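S.K.: One structure is given below, represented as structure tokens, and several questions about it will come after.
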Amino acid sequence: MTVYFIGAGPGDPELITVKGQRLIRSCPVILYAGSLVPEAVLQGHNAEQVINTAELHLSEIIALLSQAHERGQDVARVHSGDPSLYGAIGEQIRELRALGIPFEIIPGVTATAACAALLESELTLPGIAQTVILTRYGTTSPMPEGEQLQDLARHRATMAIHLGVRQLPAIVAELLPHYGADCPIAVIHRASWPDQDWVLGTLADIETKVAAKGFRRTALILVGRVLDPGVFAESALYDSAHRHLYRPGND
């Protein structure tokens, strides 16, 4: 028996891995985070038990996993995006280890990747940005020392900010001294869902644009020069003068 923590992707039911889909269709028990995982992701399942855990506490979820373990039944524990990012699987894993219940993590497509695809952007461009920072805006729980937004902004890297659209004015104020008022920023609402929407602007005007859209939750903020890079250098990867293992030069 194994508990499989499956990343269901950002919302589009087709943005799930082949392995994740196979396990959902074969496991006799499914526990899914229904507040963020569309039921369409479960299409084709043959499970005996399907439970939406959106309203359950940790102890209730662990009890269900323990019961499946006692019955010798594999469990598809389905989370949104990639479960290793803000998936709240750490506390579940801690409990499973204490109980001696086997588990495996199945990666998924992140919301950041879905947003970049929607914006038709590469988040790492030569000479513009070679680092992507994934973070959130600390409100309900404090950020660890050195991870405040102003600390991360000093790097001027491409940044994806989760759970922050309600605090957009404060976020803009902290980013401005480091990125500049003309820096591109995008706010993407429910990327890859049927009702996806987004707005692209600069740190100078993004608040007005987001207010017009009315985004209040389930949105990701992307900021960085890569969103409107202008002229940038080409990668060495496809440079005819660049030699590597698969394209050796002629001596």
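How things are named: the first chain in the structure tokens is A, the next is B, and so on; residues count from 1 in each chain; ligands count from 1 in the order shown.
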Pick out the residues sitting within 10 Å of Ala117 (chain A), and hand them over as a ChimeraX atom specification; count only C-alpha atoms, and ignore anything fewer than 6 positions along from it in its own chain.
M.R.: /A:111,123,191-192
S.K.: Select from region 38-165 of chain A everything DSSP, run on the backbone, classes as helix (DSSP H, G or I), then give the selection as a ChimeraX atom specification.
M.R.: /A:39-42,58-71,90-99,111-118,149-153,165
S.K.: Would you write out those residues with N, CA and C atoms, as a CSV table (one decimal), in the first residue's frame?
M.R.:
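Result file is selection.csv:
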chain,number,residue,atom,x,y,z
A,39,GLU,N,-12.8,18.6,-10.7
A,39,GLU,CA,-13.2,17.2,-10.7
A,39,GLU,C,-12.9,16.5,-12.0
A,40,ALA,N,-12.7,17.3,-13.1
A,40,ALA,CA,-12.3,16.7,-14.4
A,40,ALA,C,-11.0,16.0,-14.3
A,41,VAL,N,-10.2,16.4,-13.4
A,41,VAL,CA,-8.9,15.7,-13.2
A,41,VAL,C,-9.1,14.2,-12.9
A,42,LEU,N,-10.2,13.9,-12.2
A,42,LEU,CA,-10.5,12.6,-11.7
A,42,LEU,C,-11.2,11.7,-12.8
A,58,LEU,N,-6.3,18.2,9.3
A,58,LEU,CA,-5.2,17.3,9.1
A,58,LEU,C,-5.5,16.0,9.7
A,59,SER,N,-6.0,16.0,11.0
A,59,SER,CA,-6.2,14.7,11.7
A,59,SER,C,-7.2,13.8,11.0
A,60,GLU,N,-8.2,14.5,10.3
A,60,GLU,CA,-9.2,13.7,9.6
A,60,GLU,C,-8.7,13.1,8.4
A,61,ILE,N,-7.8,13.8,7.7
A,61,ILE,CA,-7.1,13.3,6.5
A,61,ILE,C,-6.2,12.2,6.8
A,62,ILE,N,-5.5,12.3,7.9
A,62,ILE,CA,-4.6,11.2,8.3
A,62,ILE,C,-5.4,10.0,8.7
A,63,ALA,N,-6.5,10.2,9.3
A,63,ALA,CA,-7.3,9.0,9.7
A,63,ALA,C,-7.8,8.3,8.5
A,64,LEU,N,-8.2,9.0,7.4
A,64,LEU,CA,-8.6,8.3,6.2
A,64,LEU,C,-7.5,7.6,5.5
A,65,LEU,N,-6.3,8.2,5.6
A,65,LEU,CA,-5.1,7.5,5.0
A,65,LEU,C,-4.7,6.2,5.8
A,66,SER,N,-4.9,6.3,7.1
A,66,SER,CA,-4.6,5.2,8.0
A,66,SER,C,-5.6,4.1,7.7
A,67,GLN,N,-6.8,4.4,7.5
A,67,GLN,CA,-7.8,3.4,7.2
A,67,GLN,C,-7.6,2.7,5.9
A,68,ALA,N,-7.2,3.4,4.9
A,68,ALA,CA,-6.8,2.8,3.6
A,68,ALA,C,-5.6,1.9,3.8
A,69,HIS,N,-4.6,2.3,4.6
A,69,HIS,CA,-3.5,1.5,4.9
A,69,HIS,C,-3.8,0.2,5.5
A,70,GLU,N,-4.8,0.2,6.5
A,70,GLU,CA,-5.2,-1.0,7.1
A,70,GLU,C,-5.9,-1.9,6.2
A,71,ARG,N,-6.6,-1.4,5.2
A,71,ARG,CA,-7.2,-2.2,4.2
A,71,ARG,C,-6.3,-2.6,3.0
A,90,GLY,N,4.0,18.6,3.8
A,90,GLY,CA,5.1,18.3,4.8
A,90,GLY,C,4.5,17.7,6.0
A,91,GLU,N,3.4,18.3,6.6
A,91,GLU,CA,2.8,17.8,7.8
A,91,GLU,C,2.2,16.4,7.6
A,92,GLN,N,1.6,16.2,6.4
A,92,GLN,CA,1.0,14.9,6.1
A,92,GLN,C,2.1,13.8,6.1
A,93,ILE,N,3.3,14.1,5.4
A,93,ILE,CA,4.4,13.2,5.4
A,93,ILE,C,4.9,12.9,6.7
A,94,ARG,N,5.0,13.9,7.6
A,94,ARG,CA,5.5,13.7,9.0
A,94,ARG,C,4.6,12.7,9.7
A,95,GLU,N,3.3,12.8,9.5
A,95,GLU,CA,2.4,11.9,10.2
A,95,GLU,C,2.5,10.5,9.6
A,96,LEU,N,2.6,10.4,8.3
A,96,LEU,CA,2.7,9.1,7.6
A,96,LEU,C,4.0,8.4,8.1
A,97,ARG,N,5.1,9.1,8.2
A,97,ARG,CA,6.4,8.5,8.6
A,97,ARG,C,6.2,8.0,10.0
A,98,ALA,N,5.5,8.7,10.9
A,98,ALA,CA,5.4,8.3,12.3
A,98,ALA,C,4.5,7.0,12.3
A,99,LEU,N,3.6,6.9,11.4
A,99,LEU,CA,2.7,5.7,11.4
A,99,LEU,C,3.3,4.5,10.5
A,111,ALA,N,2.0,26.4,-11.1
A,111,ALA,CA,1.2,27.6,-11.6
A,111,ALA,C,2.1,28.6,-12.3
A,112,THR,N,3.4,28.7,-11.8
A,112,THR,CA,4.3,29.6,-12.4
A,112,THR,C,4.6,29.2,-13.9
A,113,ALA,N,4.7,27.9,-14.1
A,113,ALA,CA,4.9,27.4,-15.5
A,113,ALA,C,3.7,27.7,-16.4
A,114,ALA,N,2.5,27.5,-15.8
A,114,ALA,CA,1.3,27.8,-16.6
A,114,ALA,C,1.2,29.3,-16.9
A,115,CYS,N,1.5,30.1,-15.9
A,115,CYS,CA,1.5,31.6,-16.2
A,115,CYS,C,2.5,32.0,-17.2
A,116,ALA,N,3.7,31.5,-17.2
A,116,ALA,CA,4.7,31.9,-18.2
A,116,ALA,C,4.2,31.5,-19.6
A,117,ALA,N,3.6,30.3,-19.7
A,117,ALA,CA,3.1,29.8,-21.0
A,117,ALA,C,2.0,30.8,-21.5
A,118,LEU,N,1.1,31.2,-20.6
A,118,LEU,CA,0.0,32.0,-20.9
A,118,LEU,C,0.5,33.4,-21.4
A,149,LEU,N,10.0,40.2,1.3
A,149,LEU,CA,10.0,40.5,-0.1
A,149,LEU,C,11.1,41.5,-0.5
A,150,GLN,N,11.3,42.5,0.4
A,150,GLN,CA,12.4,43.5,0.1
A,150,GLN,C,13.8,42.9,0.0
A,151,ASP,N,14.0,41.8,0.8
A,151,ASP,CA,15.3,41.1,0.8
A,151,ASP,C,15.4,40.4,-0.6
A,152,LEU,N,14.4,39.7,-1.0
A,152,LEU,CA,14.5,39.0,-2.3
A,152,LEU,C,14.5,39.9,-3.5
A,153,ALA,N,13.8,41.0,-3.4
A,153,ALA,CA,13.8,42.0,-4.5
A,153,ALA,C,15.1,42.6,-4.8
A,165,VAL,N,-2.2,38.8,-4.1
A,165,VAL,CA,-3.0,39.8,-4.9
A,165,VAL,C,-3.7,40.8,-4.0
S.K.: Quick one: DSSP strand (DSSP E or B) residues in region 12-141 of chain A, as JSON, numbers by chain?
M.R.: {"A": [29, 30, 31, 32, 49, 50, 51, 52, 75, 76, 77, 78, 79, 81, 103, 104, 105, 106, 125, 129, 132, 133, 134, 135, 136]}
S.K.: Tell me, as number ranges by chain, which residues lie within 12 Å of Ile133 (chain A), counting only C-alpha atoms; anything in the same chain fewer than 3 positions away does not count.
M.R.: A: 112, 123-124, 129-130, 136, 147, 149, 151-162, 221-224
S.K.: So which one's closest to Pro83 (chain A), A:Gly9, A:Pro38, A:Gly100, A:Gly44? Using only C-alpha atoms, please.
M.R.: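 Going through A:Gly9, A:Pro38, A:Gly100, A:Gly44 one by one, the smallest distance to Pro83 (chain A) is for A:Gly9.
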S.K.: Determine the nearest neighbour of Ala211 (chain A) from the options A:Ile51, A:Arg25, A:Pro194, A:Val187, counting only C-alpha atoms.
M.R.: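 For Ala211 (chain A), the nearest of the candidates is A:Val187.
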S.K.: With region 166-179 of chain A as the partner and 10 Å as the cut-off, tabulate the residues of region 71-144 of chain A that qualify, each row holding the nearest pair of atoms and their distance in Å to one decimal, using only C-alpha atoms, sorted by chain and rising number, as a tab-separated table.
M.R.:
residue	atom	partner	partner_atom	distance
A:Tyr137	CA	A:Ile171	CA	7.8
A:Gly138	CA	A:Gln167	CA	9.6
A:Thr139	CA	A:Gln167	CA	8.7
S.K.: As a PyMOL selection string, please: the residues near Gly87 (chain A) (cut-off 12 Å, only C-alpha atoms, same-chain neighbours under 3 positions excluded).
M.R.: chain A and resi 5-9+32-33+36-37+77-84+90-93+105+107-108+110-111
S.K.: In Å, how far is it from CA of Ala186 (chain A) to CA of Glu120 (chain A)?
M.R.: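 Taking CA of Ala186 (chain A) as the start and CA of Glu120 (chain A) as the end point, the length is 12.0 Å.
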S.K.: Tell me which of A:Leu134, A:Ile128, A:Gly164, A:Val210 sits closest to Phe232 (chain A), counting only C-alpha atoms.
M.R.: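 Closest residue, counting only C-alpha atoms: A:Ile128.
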S.K.: To one decimal in Å, tell me the separation between CA of Pro10 (chain A) and CA of Ser35 (chain A).
M.R.: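 Here the two named atoms are 12.1 Å from each other.
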S.K.: What does the structure give for the distance between CA of Cys27 (chain A) and CA of Gln43 (chain A), in Å to one decimal?
M.R.: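 So the answer is 12.8 Å.
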S.K.: In terms of the shortest atom-to-atom distance over only C-alpha atoms, which of A:Asn52, A:Leu125, A:Asp12, A:Tyr86 is closest to Arg190 (chain A)?
M.R.: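 Distance minimum relative to Arg190 (chain A) lands on A:Asp12.
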S.K.: For Gln49 (chain A), please output as a count of residues only all residues within 9 Å (counting only C-alpha atoms; exclusion window: fewer than 3 positions along the same chain).
M.R.: 5
S.K.: Within 9 Å of Lys213 (chain A), counting only C-alpha atoms, which residues qualify if same-chain residues fewer than 2 places away don't, as a ChimeraX atom specification?
M.R.: /A:197-199,208-211,215
S.K.: Can you pull out every residue within 8 Å of Glu104 (chain A), counting only C-alpha atoms, but drop anything in the same chain fewer than 6 positions away, and send it as a PyMOL selection string?
M.R.: chain A and resi 2-5
S.K.: How would the residues just picked look written out with all heavy atoms as an mmCIF file, in the first residue's frame?
M.R.:
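See out31.cif below for the written result:
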data_model
loop_
_atom_site.group_PDB
_atom_site.id
_atom_site.type_symbol
_atom_site.label_atom_id
_atom_site.label_comp_id
_atom_site.auth_asym_id
_atom_site.auth_seq_id
_atom_site.Cartn_x
_atom_site.Cartn_y
_atom_site.Cartn_z
ATOM 1 N N THR A 2 0.514 2.229 -0.810
ATOM 2 C CA THR A 2 1.277 3.466 -0.899
ATOM 3 C C THR A 2 0.320 4.645 -1.019
ATOM 4 O O THR A 2 -0.700 4.566 -1.711
ATOM 5 C CB THR A 2 2.215 3.445 -2.121
ATOM 6 O OG1 THR A 2 3.097 2.323 -2.035
ATOM 7 C CG2 THR A 2 3.045 4.727 -2.188
ATOM 8 N N VAL A 3 0.660 5.736 -0.349
ATOM 9 C CA VAL A 3 -0.047 7.006 -0.541
ATOM 10 C C VAL A 3 0.728 7.803 -1.588
ATOM 11 O O VAL A 3 1.912 8.090 -1.407
ATOM 12 C CB VAL A 3 -0.126 7.809 0.771
ATOM 13 C CG1 VAL A 3 -0.749 9.188 0.507
ATOM 14 C CG2 VAL A 3 -0.936 7.059 1.819
ATOM 15 N N TYR A 4 0.079 8.139 -2.685
ATOM 16 C CA TYR A 4 0.714 8.888 -3.763
ATOM 17 C C TYR A 4 0.260 10.346 -3.701
ATOM 18 O O TYR A 4 -0.917 10.650 -3.916
ATOM 19 C CB TYR A 4 0.341 8.295 -5.117
ATOM 20 C CG TYR A 4 0.859 6.897 -5.340
ATOM 21 C CD1 TYR A 4 0.035 5.787 -5.146
ATOM 22 C CD2 TYR A 4 2.174 6.678 -5.747
ATOM 23 C CE1 TYR A 4 0.509 4.495 -5.352
ATOM 24 C CE2 TYR A 4 2.654 5.395 -5.952
ATOM 25 C CZ TYR A 4 1.825 4.317 -5.746
ATOM 26 O OH TYR A 4 2.301 3.037 -5.948
ATOM 27 N N PHE A 5 1.195 11.241 -3.383
ATOM 28 C CA PHE A 5 0.915 12.672 -3.439
ATOM 29 C C PHE A 5 1.092 13.110 -4.888
ATOM 30 O O PHE A 5 2.210 13.162 -5.397
ATOM 31 C CB PHE A 5 1.858 13.446 -2.525
ATOM 32 C CG PHE A 5 1.609 13.218 -1.060
ATOM 33 C CD1 PHE A 5 2.371 12.309 -0.342
ATOM 34 C CD2 PHE A 5 0.603 13.910 -0.400
ATOM 35 C CE1 PHE A 5 2.147 12.093 1.008
ATOM 36 C CE2 PHE A 5 0.359 13.696 0.953
ATOM 37 C CZ PHE A 5 1.140 12.783 1.665
#
